[in-house]
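Below: the structure, in C-alpha coordinates.
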Amino acid sequence: MNKLMLTIVVIIGLCIAIWGINPFSDYRETSGLFNAKYNNLETGVSTQSNGVMVVKALTRMPNVKAKMVHWWFADYLQTTTHYKMWHPTAHVWMDWENKRDGEIVGASHLVHEYIGEDLQKLRIQFVDPTEFFPDYTPSNNETLLCAKAGQLEGNLNLSTMCHYIRDTQFGAEMRSIFWMGHVAKRDGNNEVFSIEGVFGNTALVRYLLLDHGMANDLMTHAIEEMGTLADFLPQLYEENVPTT
(Lines give C-alpha, C1' and ligand atoms only; values in the text may rest on other atoms or scores of the structure.)
Protein backbone atom coordinates (compact mmCIF):
# COMPACT_ATOMS: atom_id res chain seq x y z
CA MET A 1 0.00 0.00 0.00
CA ASN A 2 2.83 2.38 0.89
CA LYS A 3 4.52 1.63 -2.44
CA LEU A 4 1.25 2.35 -4.30
CA MET A 5 0.79 5.64 -2.46
CA LEU A 6 4.40 6.60 -3.16
CA THR A 7 3.93 5.82 -6.86
CA ILE A 8 0.78 7.95 -6.97
CA VAL A 9 2.53 10.84 -5.23
CA VAL A 10 5.48 10.63 -7.63
CA ILE A 11 3.18 10.60 -10.67
CA ILE A 12 1.21 13.57 -9.38
CA GLY A 13 4.44 15.41 -8.60
CA LEU A 14 5.79 14.78 -12.09
CA CYS A 15 2.55 15.92 -13.70
CA ILE A 16 2.60 19.16 -11.72
CA ALA A 17 6.28 19.68 -12.48
CA ILE A 18 5.71 19.18 -16.22
CA TRP A 19 2.26 20.67 -16.77
CA GLY A 20 1.83 23.12 -13.89
CA ILE A 21 -0.94 23.28 -11.32
CA ASN A 22 -3.56 24.52 -13.78
CA PRO A 23 -1.91 24.39 -17.22
CA PHE A 24 -5.00 24.73 -19.41
CA SER A 25 -6.49 27.68 -17.54
CA ASP A 26 -6.81 31.09 -19.16
CA TYR A 27 -6.27 32.62 -15.72
CA ARG A 28 -4.69 36.07 -15.64
CA GLU A 29 -2.89 37.28 -12.54
CA THR A 30 -4.58 40.66 -12.16
CA SER A 31 -4.16 41.45 -8.48
CA GLY A 32 -3.47 45.10 -7.90
CA LEU A 33 -4.32 46.34 -11.38
CA PHE A 34 -6.96 48.72 -10.04
CA ASN A 35 -5.24 49.53 -6.73
CA ALA A 36 -5.17 53.17 -5.72
CA LYS A 37 -1.85 52.52 -3.97
CA TYR A 38 1.29 51.04 -5.51
CA ASN A 39 1.86 47.30 -5.62
CA ASN A 40 5.01 45.36 -4.75
CA LEU A 41 5.67 44.87 -8.48
CA GLU A 42 4.68 47.74 -10.77
CA THR A 43 7.41 47.26 -13.39
CA GLY A 44 9.03 43.90 -13.96
CA VAL A 45 8.55 40.28 -15.01
CA SER A 46 7.09 37.34 -13.08
CA THR A 47 5.83 33.85 -13.91
CA GLN A 48 2.50 32.32 -12.91
CA SER A 49 2.19 28.74 -11.67
CA ASN A 50 0.87 27.66 -15.09
CA GLY A 51 3.90 29.08 -16.90
CA VAL A 52 2.28 32.30 -18.14
CA MET A 53 4.87 35.08 -18.07
CA VAL A 54 3.52 38.36 -16.71
CA VAL A 55 5.11 41.62 -17.89
CA LYS A 56 4.28 44.88 -16.11
CA ALA A 57 5.21 48.48 -16.82
CA LEU A 58 4.16 51.61 -14.92
CA THR A 59 4.27 54.89 -16.83
CA ARG A 60 3.75 58.26 -15.15
CA MET A 61 2.18 60.72 -17.59
CA PRO A 62 2.40 64.37 -16.43
CA ASN A 63 -0.39 66.66 -17.70
CA VAL A 64 -2.14 63.70 -19.38
CA LYS A 65 -5.68 62.61 -18.58
CA ALA A 66 -7.11 59.15 -19.10
CA LYS A 67 -9.57 60.46 -21.67
CA MET A 68 -6.64 61.67 -23.78
CA VAL A 69 -5.21 58.17 -24.04
CA HIS A 70 -8.59 56.81 -25.13
CA TRP A 71 -8.80 59.59 -27.73
CA TRP A 72 -5.31 58.69 -29.02
CA PHE A 73 -6.32 55.09 -29.69
CA ALA A 74 -9.97 55.55 -30.68
CA ASP A 75 -9.79 58.79 -32.68
CA TYR A 76 -6.35 60.11 -33.60
CA LEU A 77 -4.14 57.09 -34.36
CA GLN A 78 -4.90 56.44 -38.03
CA THR A 79 -1.72 56.38 -40.12
CA THR A 80 1.82 55.05 -40.08
CA THR A 81 3.02 58.63 -39.57
CA HIS A 82 0.94 58.85 -36.40
CA TYR A 83 2.22 55.44 -35.33
CA LYS A 84 5.87 56.48 -35.74
CA MET A 85 5.28 59.49 -33.49
CA TRP A 86 4.58 57.00 -30.72
CA HIS A 87 7.99 55.30 -31.00
CA PRO A 88 10.12 56.75 -33.85
CA THR A 89 12.79 54.03 -33.81
CA ALA A 90 10.70 50.90 -33.18
CA HIS A 91 7.40 51.54 -34.99
CA VAL A 92 7.52 50.76 -38.70
CA TRP A 93 4.00 50.40 -40.15
CA MET A 94 0.35 50.20 -39.08
CA ASP A 95 -3.19 49.79 -40.32
CA TRP A 96 -6.60 49.06 -38.79
CA GLU A 97 -9.11 46.27 -39.29
CA ASN A 98 -12.80 46.68 -38.31
CA LYS A 99 -12.11 50.20 -37.01
CA ARG A 100 -15.02 52.58 -36.38
CA ASP A 101 -14.55 56.30 -35.70
CA GLY A 102 -14.34 57.08 -32.01
CA GLU A 103 -14.38 53.42 -30.94
CA ILE A 104 -11.68 50.92 -30.10
CA VAL A 105 -13.49 47.76 -28.96
CA GLY A 106 -13.79 45.35 -31.88
CA ALA A 107 -10.97 46.95 -33.86
CA SER A 108 -7.69 45.19 -34.59
CA HIS A 109 -4.46 47.17 -34.78
CA LEU A 110 -2.18 45.70 -37.45
CA VAL A 111 1.44 46.64 -36.83
CA HIS A 112 5.05 46.04 -37.72
CA GLU A 113 7.28 47.02 -34.81
CA TYR A 114 10.65 46.17 -33.30
CA ILE A 115 10.55 44.63 -29.85
CA GLY A 116 14.16 44.34 -28.89
CA GLU A 117 16.09 43.57 -32.05
CA ASP A 118 13.33 41.51 -33.66
CA LEU A 119 10.75 42.87 -36.08
CA GLN A 120 7.33 41.67 -34.95
CA LYS A 121 4.28 41.60 -37.23
CA LEU A 122 1.30 41.65 -34.90
CA ARG A 123 -2.47 41.79 -34.86
CA ILE A 124 -3.75 43.40 -31.65
CA GLN A 125 -7.49 42.83 -31.26
CA PHE A 126 -9.16 45.16 -28.76
CA VAL A 127 -11.94 43.52 -26.76
CA ASP A 128 -14.53 44.68 -24.26
CA PRO A 129 -12.80 44.93 -20.85
CA THR A 130 -15.60 42.88 -19.30
CA GLU A 131 -14.29 39.87 -21.25
CA PHE A 132 -11.28 39.91 -18.91
CA PHE A 133 -12.96 41.61 -15.94
CA PRO A 134 -16.67 40.67 -15.81
CA ASP A 135 -17.39 43.03 -12.89
CA TYR A 136 -15.59 46.04 -14.30
CA THR A 137 -17.52 49.31 -14.35
CA PRO A 138 -15.70 52.31 -15.87
CA SER A 139 -15.51 55.67 -14.14
CA ASN A 140 -15.03 59.14 -15.60
CA ASN A 141 -11.39 59.42 -14.55
CA GLU A 142 -10.00 56.18 -16.00
CA THR A 143 -9.60 54.23 -19.22
CA LEU A 144 -9.14 50.47 -19.57
CA LEU A 145 -7.96 49.03 -22.88
CA CYS A 146 -7.82 45.24 -23.24
CA ALA A 147 -6.65 43.19 -26.20
CA LYS A 148 -5.56 39.82 -27.56
CA ALA A 149 -2.29 39.93 -29.47
CA GLY A 150 -0.97 37.47 -31.99
CA GLN A 151 0.38 36.80 -35.45
CA LEU A 152 -0.45 39.23 -38.22
CA GLU A 153 0.49 36.78 -40.96
CA GLY A 154 -0.82 33.71 -39.13
CA ASN A 155 -3.95 32.81 -37.19
CA LEU A 156 -2.68 32.37 -33.64
CA ASN A 157 -3.16 34.69 -30.69
CA LEU A 158 -0.18 34.38 -28.35
CA SER A 159 -0.85 36.76 -25.48
CA THR A 160 -3.37 39.02 -23.81
CA MET A 161 -2.81 42.55 -22.52
CA CYS A 162 -4.34 45.56 -20.79
CA HIS A 163 -3.50 49.23 -20.38
CA TYR A 164 -5.17 50.76 -17.33
CA ILE A 165 -4.96 54.57 -17.14
CA ARG A 166 -6.16 56.55 -14.15
CA ASP A 167 -6.11 60.29 -13.49
CA THR A 168 -3.83 61.55 -10.72
CA GLN A 169 -3.07 64.91 -9.17
CA PHE A 170 -0.18 65.52 -11.58
CA GLY A 171 -1.79 64.02 -14.69
CA ALA A 172 -2.24 60.28 -15.15
CA GLU A 173 -0.58 56.91 -14.60
CA MET A 174 -0.72 53.92 -16.90
CA ARG A 175 -0.36 50.34 -15.74
CA SER A 176 0.47 48.11 -18.70
CA ILE A 177 0.28 44.37 -18.18
CA PHE A 178 0.92 41.55 -20.67
CA TRP A 179 0.21 37.86 -20.14
CA MET A 180 2.56 35.99 -22.47
CA GLY A 181 1.55 32.42 -23.30
CA HIS A 182 -2.22 32.63 -23.83
CA VAL A 183 -2.40 30.68 -27.09
CA ALA A 184 -5.55 30.37 -29.20
CA LYS A 185 -6.28 29.75 -32.86
CA ARG A 186 -8.24 32.57 -34.44
CA ASP A 187 -11.03 32.52 -37.00
CA GLY A 188 -11.65 36.18 -37.74
CA ASN A 189 -12.20 37.71 -34.32
CA ASN A 190 -13.34 34.42 -32.79
CA GLU A 191 -11.05 32.03 -30.95
CA VAL A 192 -11.68 28.38 -31.85
CA PHE A 193 -10.59 25.03 -30.46
CA SER A 194 -7.29 23.79 -31.83
CA ILE A 195 -4.41 21.44 -31.10
CA GLU A 196 -2.15 24.49 -30.97
CA GLY A 197 -4.30 25.92 -28.20
CA VAL A 198 -4.32 22.70 -26.21
CA PHE A 199 -0.56 22.17 -26.25
CA GLY A 200 0.41 25.84 -26.40
CA ASN A 201 -1.30 26.49 -23.08
CA THR A 202 0.56 23.79 -21.16
CA ALA A 203 3.12 24.88 -18.63
CA LEU A 204 5.77 22.73 -20.32
CA VAL A 205 5.47 24.56 -23.66
CA ARG A 206 5.36 27.92 -21.92
CA TYR A 207 8.50 27.14 -19.92
CA LEU A 208 10.25 25.99 -23.10
CA LEU A 209 9.24 28.85 -25.39
CA LEU A 210 8.96 31.90 -23.13
CA ASP A 211 12.05 33.54 -21.69
CA HIS A 212 12.93 36.57 -19.60
CA GLY A 213 14.90 38.16 -22.42
CA MET A 214 11.79 38.29 -24.58
CA ALA A 215 9.73 39.57 -21.64
CA ASN A 216 12.26 42.25 -20.74
CA ASP A 217 12.30 43.48 -24.34
CA LEU A 218 8.51 43.80 -24.23
CA MET A 219 8.67 45.65 -20.90
CA THR A 220 11.30 48.05 -22.24
CA HIS A 221 9.26 48.66 -25.40
CA ALA A 222 6.16 49.49 -23.35
CA ILE A 223 8.10 51.90 -21.13
CA GLU A 224 9.61 53.67 -24.14
CA GLU A 225 6.47 54.01 -26.25
CA MET A 226 4.18 55.07 -23.40
CA GLY A 227 6.78 57.51 -22.10
CA THR A 228 7.04 59.03 -25.58
CA LEU A 229 3.25 59.23 -25.82
CA ALA A 230 3.12 61.07 -22.50
CA ASP A 231 5.58 63.68 -23.81
CA PHE A 232 3.50 64.87 -26.77
CA LEU A 233 -0.08 63.84 -26.00
CA PRO A 234 -1.21 66.86 -23.91
CA GLN A 235 -0.29 69.37 -26.63
CA LEU A 236 -1.61 67.15 -29.41
CA TYR A 237 -4.94 66.79 -27.61
CA GLU A 238 -5.19 70.52 -26.99
CA GLU A 239 -4.53 71.27 -30.67
CA ASN A 240 -7.10 68.76 -31.98
CA VAL A 241 -9.92 68.58 -29.45
CA PRO A 242 -12.04 71.74 -28.97
CA THR A 243 -12.65 72.67 -25.35
CA THR A 244 -16.28 72.93 -24.35
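Just remember, in the C-alpha coordinates the first chain shown is A, the second B, etc., residues are 1-based per chain, and ligands are 1-based in the order shown.
Within segment 24-152 of chain A, the backbone-based DSSP assignment of alpha helix (DSSP H) covers Ala66, Lys67, Met68, Val69, His70, Trp71, Thr80, Thr81, His82, Tyr83, Lys84, Met85 and Trp86 of chain A.
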### Message
Can you tell me which residues surround His70 of chain A at a distance of at most 9 Å, considering only C-alpha atoms, apart from same-chain residues fewer than 3 positions away, and format the answer as a ChimeraX atom specification?
### Response
/A:66-67,73-75,102-104,143-145
Could you list, with a cut-off of 12 Å and counting only C-alpha atoms, the residues of segment 79-150 of chain A near segment 173-180 of chain A, each shown with its nearest atom pair and the distance in Å rounded to one decimal, rows sorted by chain and ascending number, as a Markdown table?
| residue | atom | partner | partner_atom | distance |
| --- | --- | --- | --- | --- |
| A:Phe132 | CA | A:Trp179 | CA | 11.7 |
| A:Asn141 | CA | A:Glu173 | CA | 11.1 |
| A:Glu142 | CA | A:Glu173 | CA | 9.6 |
| A:Thr143 | CA | A:Met174 | CA | 9.2 |
| A:Leu144 | CA | A:Met174 | CA | 9.5 |
| A:Leu145 | CA | A:Ser176 | CA | 9.4 |
| A:Cys146 | CA | A:Ile177 | CA | 9.6 |
| A:Ala147 | CA | A:Phe178 | CA | 9.5 |
| A:Lys148 | CA | A:Trp179 | CA | 9.6 |
| A:Ala149 | CA | A:Met180 | CA | 9.4 |
| A:Gly150 | CA | A:Met180 | CA | 10.3 |
Residues of segment 44-75 of chain A at most 12 Å from segment 34-39 of chain A: nearest atom pair and distance in Å, only C-alpha atoms, as a tab-separated table:
residue	atom	partner	partner_atom	distance
A:Gly44	CA	A:Asn39	CA	11.5
A:Lys56	CA	A:Asn39	CA	11.0
A:Ala57	CA	A:Asn39	CA	11.8
A:Leu58	CA	A:Tyr38	CA	9.9
#### Entry: A:Gln78, A:Asn189, A:Asn50, A:Asn63 ranked by distance to Arg100 of chain A, top pick (using only C-alpha atoms)
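Of A:Gln78, A:Asn189, A:Asn50, A:Asn63, the one nearest Arg100 of chain A is A:Gln78, counting only C-alpha atoms.
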### Query
How many Å lie between atom CA of Val54 of chain A and atom CA of Leu218 of chain A, rounded to one decimal?
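Those two atoms sit 10.5 Å apart.
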### Task
Determine which residues of segment 8-215 of chain A DSSP labels as strand (DSSP E) from the backbone of this structure, then write them out as a PyMOL selection string.
chain A and resi 44-47+53-62+91-97+108-115+118-127+142-151+156-167+171-187+190-192
#### Entry: Option closest in space to Met61 of chain A, from A:Gln169, A:Ser46, A:Thr79, A:Thr220 [counting only C-alpha atoms]
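When distances to Met61 of chain A are compared using only C-alpha atoms, the smallest one comes from A:Gln169.
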### Message
List the spatial neighbours of Asn190 of chain A as a count of residues only - criterion: any atom at most 12 Å away, only C-alpha atoms, same-chain residues fewer than 3 positions off excluded.
### Response
12
### Message
Nearest residue to Glu131 of chain A out of A:Leu119, A:Cys162, A:Val52, A:Ala107, using only C-alpha atoms?
### Response
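Among the listed residues, A:Cys162 lies closest to Glu131 of chain A.
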### Message
Env of segment 223-238 of chain A: 8 Å cut, atoms = only C-alpha atoms, seq-sep filter 3 positions within chain, self excluded. Answer as a list in words.
### Response
Ala57, Leu58, Thr59, Arg60, Met61, Pro62, Asn63, Val64, Met68, Val69, Trp72, Met85, Trp86, His87, Met219, Thr220, Val241, Pro242 and Thr243 of chain A
### Query
Pick from A:Met53, A:Gly154, A:Pro129, A:Lys99: nearest to Tyr207 of chain A, with only C-alpha atoms counted?
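Once distances to Tyr207 of chain A are computed over only C-alpha atoms, the minimum belongs to A:Met53.
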